[in-house]
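Data block below; observations after.
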Protein chains: 2
Amino acid sequence: MTPPHEAAQLAEPSPTPNEQLQAVAELLARRRDEEAPREEEAIAREVHALIDELHPADMAYILEGLPLEDRIWVWRLVPRDRDGDILLEVSDSVRDTLLADMDNAEIVAAAQSLDADEIADLAPDLPDDVVQDIIESQDVEDRADLQQALSYPEGTVGALMDFEVVSIREDVTCEVALRYLRRYDELPRQTDSIFVVDRDDRLKGILALNRLLVTDPDVEVAGIYERDVVAFGPEDDSDDAAQSFDRYDLVCAPVVDAQRKVVGRITVDAVLEYVRDRQEAQALGKVGLREEEDIFASVWDSARNRGPWLALNLCTAFIASRVVGLFEGSIAQLAALAALMPIVAGIGGNSGNQTTTLIVRALALGQVSPANARRLLAKELCISVVNGVVWGGVLGLIAFGLYRNLALGGVMALAMLLNLIVAALAGIFIPLAMERFGRDPAVGSSVFLTFMTDSMGFFIFLGLATLFLL
Amino acid sequence: MTPPHEAAQLAEPSPTPNEQLQAVAELLARRRDEEAPREEEAIAREVHALIDELHPADMAYILEGLPLEDRIWVWRLVPRDRDGDILLEVSDSVRDTLLADMDNAEIVAAAQSLDADEIADLAPDLPDDVVQDIIESQDVEDRADLQQALSYPEGTVGALMDFEVVSIREDVTCEVALRYLRRYDELPRQTDSIFVVDRDDRLKGILALNRLLVTDPDVEVAGIYERDVVAFGPEDDSDDAAQSFDRYDLVCAPVVDAQRKVVGRITVDAVLEYVRDRQEAQALGKVGLREEEDIFASVWDSARNRGPWLALNLCTAFIASRVVGLFEGSIAQLAALAALMPIVAGIGGNSGNQTTTLIVRALALGQVSPANARRLLAKELCISVVNGVVWGGVLGLIAFGLYRNLALGGVMALAMLLNLIVAALAGIFIPLAMERFGRDPAVGSSVFLTFMTDSMGFFIFLGLATLFLL
């Protein structure tokens, strides 16, 4: 992985976050050097010099890459007014370790440097009384924003929204608009457009800054702003917003209430972070990890993070095992069944997971409607029959070749075909049912699917064998 | 899923892409209406009216949602100058169906409306001679851009880059800069900053438009531009660029060559699309699908798309089955082994997949260094021992409870512990090895891991049982 060049100093490239981390880690290692144990303060000064100018995201990277004790030691060197920004950037599990080192007053102080939407992002990790203290420490306007921000559940546009709205009226000239903008010391980050509103603050459209810049200053805003714009409601689904940002290449978009009043805005950096976080959460959720694990978390914490999933899998594996147990008599007579049954179950699981993955994708893209659900089902069933005939045939031949038992080959082929049909049905219905019950089908479908294809695979194969072979 | 409001018309909300799709599908259904078979032209006019003003991304959505025959019928209604933009937006598999309906001259004509970087995105799906024709149809400057764009492999910053660079020199006033910008009819989309270069076109920094807008026109650009900027090289890894965009909340960033000459720029819409595509490719790749499947693809095409993976799984399942085959004598004596062995293999697989997922994440974030690889290994081994003792104990008790066989319970517990250790080792080494050999560890690790935990789980459990029980 090549780091991005810091172009301004290509002649002498500035260190990458990883190099910065190594430099800090080396300094800290000296603290544990037996021969010169009293250098703490000198090391603190050196570390301080290294981290003083760093972007909060780079600071977060360094803290995440340090073992717990070193992490806290460095964290205490960070100037208090930078705490808030860094807390925003670190992962949840590492944030917990940093917050554990702060008392309530320090946390409230750190929150002072943050905007309402940023505080709302931190709030789930804070004790309720601290959140209350933070709310009370805000001035009236910020407090209203904060309470609003806290009111939107995760997964909604409201939770991604910020309040740094710049808006103008349509009956002014570009000259006036430009003068109005110049009254800001700095425009809010990721502002590529300003919102055009009426006197009741209701959205009429947006004026792209790019457009403003290239237009004659005497032209009225009314003549150049875009009226047909993508806007969101605070209750809208974040995934849909992310899809719109991707589809329409947005940088920032207004958020409006039911009366079209502008309540905030959503920016592409929030969307990009959301997409990346969600991607990670899905990858972790698929294997039953509730959250990303601090790589320096204790063995005990890690084992607890992973336990519930293993317990669930134990239950499903136990049931599948009891299905096999029903046929122990058959297996005792023909041990070959025990050798062949995992193949039937395994291929079924893999095939079903392919179907589920495609259905999850189609659901996310809104391609599954009642009209084509039937069509999809018919198609997947056809595919499973084709695959069942092909791979069932191959497996039947293999089983026959190994055991010189024609009936066994036939049972194997038939069981494979039937389990692939089960896999297709389960592969479609499980994600649809999860979606219906408001669960993320990308996360939990695989456990249930594997449970179905294992249990049914064993049952079909061993049942057919008991019927026809013994 | 609630669609985004089209705010400008909240009173009468404009149709969502899905509603547009339904409207088109209903019109098309009338074509097949037996009673009025000769309305083709009227329907064409109505469909045309529906799709005429649509954003290319919405048009792509509709085409993807239509069965092949209807899709081609609508595609032929699309004005030729819009073809290029729509081809860019559809998924690879649907693009193939559209391109199959166009002759070479039409494809070359469609490419005329696209920028060099956009043509390069399409090129992998086009026959070589068509790409050659397109190159020759460009004027000299565009041709150079296009050849450059075609030269960067997928996965590099060069492949995400476009050429719509706006740059100025530092020794001018903001007034002059503003006047210079006004000479554009429209600034390139997603331009939040312009690049400050020296007389050799080498990057000195960037000037944020937000900054320009709020600065007194008499101030020199030299006084307000940002010198410490994130820039990329065209050979840099796209993932790293995406990480930087996320970390530093970028909208657009310069791409420079080894001499710091500006060669292009990378914008957040390209990054967002990359992140979403990659997410999808990984989800599909994990279950062995080479590409997203057109949901209306033929059964045969779909079966072929899924075949290679099933064949691979057949091989791994066959080997695991042969491991069981080694112990058929033991199983014939004690059929309970057949019922219990899938539990040992299954829990091992799940635990190993948790480890792999965390290692893949740590690799992606650059958190795995030679120094902490050993530490991670030690930690995962400890967790596997803790889990092995806990869950092995539970399983041992269950096996004992079911079969009233103390030795069987002991073998079960020990096998579980050992297979969890195998899972931890495999869960770490497989993704590290894939990364080392330049494969995406997020995609292929799971197959190999499951193969290891299945085969070794069967071997350990049945081997121990043969040693101690029989």
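Naming scheme: A, B, ... for chains in displayed order of the structure tokens; residues 1 onward per chain; ligands 1 onward as shown.
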Exercise. If you run DSSP over the backbone, which residues in range 91-189 of chain A end up strand (DSSP E or B)? Put them as a list in words.
Key: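 Secondary structure check on range 91-189 of chain A, strand (DSSP E or B): Thr156, Asp162, Ser167, Ile168 and Thr173 of chain A.
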Exercise. For Met59 in chain A, please output as a PyMOL selection string all residues within 8 Å (counting only C-alpha atoms; exclusion window: fewer than 5 positions along the same chain).
Key: chain A and resi 51+54+86
Please produce a file of those selected residues containing N, CA and C atoms, as an mmCIF file, in the first residue's frame.
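The new file result-v5.cif reads:
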```
data_model
loop_
_atom_site.group_PDB
_atom_site.id
_atom_site.type_symbol
_atom_site.label_atom_id
_atom_site.label_comp_id
_atom_site.auth_asym_id
_atom_site.auth_seq_id
_atom_site.Cartn_x
_atom_site.Cartn_y
_atom_site.Cartn_z
ATOM 1 N N ILE A 51 2.987 15.000 17.583
ATOM 2 C CA ILE A 51 1.544 14.907 17.365
ATOM 3 C C ILE A 51 0.852 16.253 17.324
ATOM 4 N N LEU A 54 -0.928 17.273 14.024
ATOM 5 C CA LEU A 54 -1.581 16.222 13.240
ATOM 6 C C LEU A 54 -3.076 16.452 13.077
ATOM 7 N N ILE A 86 -10.881 14.354 18.068
ATOM 8 C CA ILE A 86 -10.233 13.035 17.988
ATOM 9 C C ILE A 86 -11.207 11.941 18.416
#
```
Quiz prompt | Residues near range 177-194 of chain A, cut-off 7 Å, only C-alpha atoms, skip fewer than 4 positions along chain, as a ChimeraX atom specification | solution = /A:164,166-167,172-173,206-209,251-252,267 /B:192,210-211,213-215
Preceding selection exported with N, CA and C atoms as a short mmCIF file (atom, residue, chain, number, x, y, z; two decimals), in the first residue's frame:
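Done, and the output landed in again28.cif:
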```cif
data_model
loop_
_atom_site.label_atom_id
_atom_site.label_comp_id
_atom_site.auth_asym_id
_atom_site.auth_seq_id
_atom_site.Cartn_x
_atom_site.Cartn_y
_atom_site.Cartn_z
N GLU A 164 -25.14 23.34 9.46
CA GLU A 164 -24.40 24.49 8.93
C GLU A 164 -24.96 24.94 7.59
N VAL A 166 -26.31 27.45 4.78
CA VAL A 166 -26.19 28.81 4.27
C VAL A 166 -27.32 29.01 3.27
N SER A 167 -28.20 29.99 3.51
CA SER A 167 -29.30 30.15 2.57
C SER A 167 -29.50 31.63 2.23
N VAL A 172 -32.35 38.52 -4.88
CA VAL A 172 -31.16 39.36 -4.79
C VAL A 172 -30.25 39.08 -5.99
N THR A 173 -29.33 39.99 -6.24
CA THR A 173 -28.39 39.77 -7.34
C THR A 173 -27.23 38.92 -6.86
N ILE A 206 -31.64 25.24 -5.11
CA ILE A 206 -30.27 25.47 -4.66
C ILE A 206 -29.49 26.25 -5.71
N LEU A 207 -28.54 27.02 -5.21
CA LEU A 207 -27.67 27.80 -6.09
C LEU A 207 -26.27 27.21 -5.96
N ALA A 208 -25.78 26.61 -7.03
CA ALA A 208 -24.43 26.03 -7.00
C ALA A 208 -23.41 27.15 -6.94
N LEU A 209 -22.43 27.03 -6.05
CA LEU A 209 -21.39 28.06 -5.97
C LEU A 209 -20.65 28.17 -7.30
N VAL A 251 -22.72 16.76 -3.58
CA VAL A 251 -21.74 17.13 -2.55
C VAL A 251 -22.45 17.53 -1.27
N CYS A 252 -23.49 18.35 -1.39
CA CYS A 252 -24.32 18.59 -0.21
C CYS A 252 -25.76 18.79 -0.66
N THR A 267 -23.99 16.16 3.91
CA THR A 267 -22.82 16.37 3.05
C THR A 267 -22.20 15.03 2.68
N ASP B 192 -14.46 21.96 -5.68
CA ASP B 192 -14.55 22.79 -4.48
C ASP B 192 -13.27 23.57 -4.27
N ASN B 210 -14.46 28.10 -1.40
CA ASN B 210 -15.09 28.70 -0.22
C ASN B 210 -14.25 29.85 0.33
N ARG B 211 -12.94 29.63 0.26
CA ARG B 211 -12.02 30.64 0.76
C ARG B 211 -12.03 31.84 -0.19
N LEU B 213 -14.34 32.81 -2.09
CA LEU B 213 -15.61 33.54 -2.03
C LEU B 213 -15.67 34.52 -0.87
N VAL B 214 -15.02 34.19 0.23
CA VAL B 214 -15.14 35.04 1.41
C VAL B 214 -13.99 36.02 1.55
N THR B 215 -13.08 36.02 0.56
CA THR B 215 -11.89 36.87 0.67
C THR B 215 -12.06 38.16 -0.13
#
```
Self-check item: Distance query Gln112 in chain B at most 12 Å, only C-alpha atoms, self and fewer than 3 positions along chain excluded, as an NGL selection string
Solution: :B and (80-85 or 105-109 or 115-116 or 118-119 or 133-139 or 142-143 or 146)
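Closest approach to Val299 in chain B among A:Leu381, A:Leu250, A:Val165, A:Leu314: A:Leu381, based on only C-alpha atoms.
Counting only C-alpha atoms and comparing B:Ile359, B:Ala120, B:Leu414, B:Cys382, the residue that lies closest to Gln148 in chain B is B:Ala120.
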Practice problem: May I have all residues of range 261-448 of chain B that DSSP, computed from the backbone, assigns to alpha helix (DSSP H), given as a PyMOL selection string? | Solution: chain B and resi 268-286+299-326+328-333+336-364+370-403+406-436+441-448
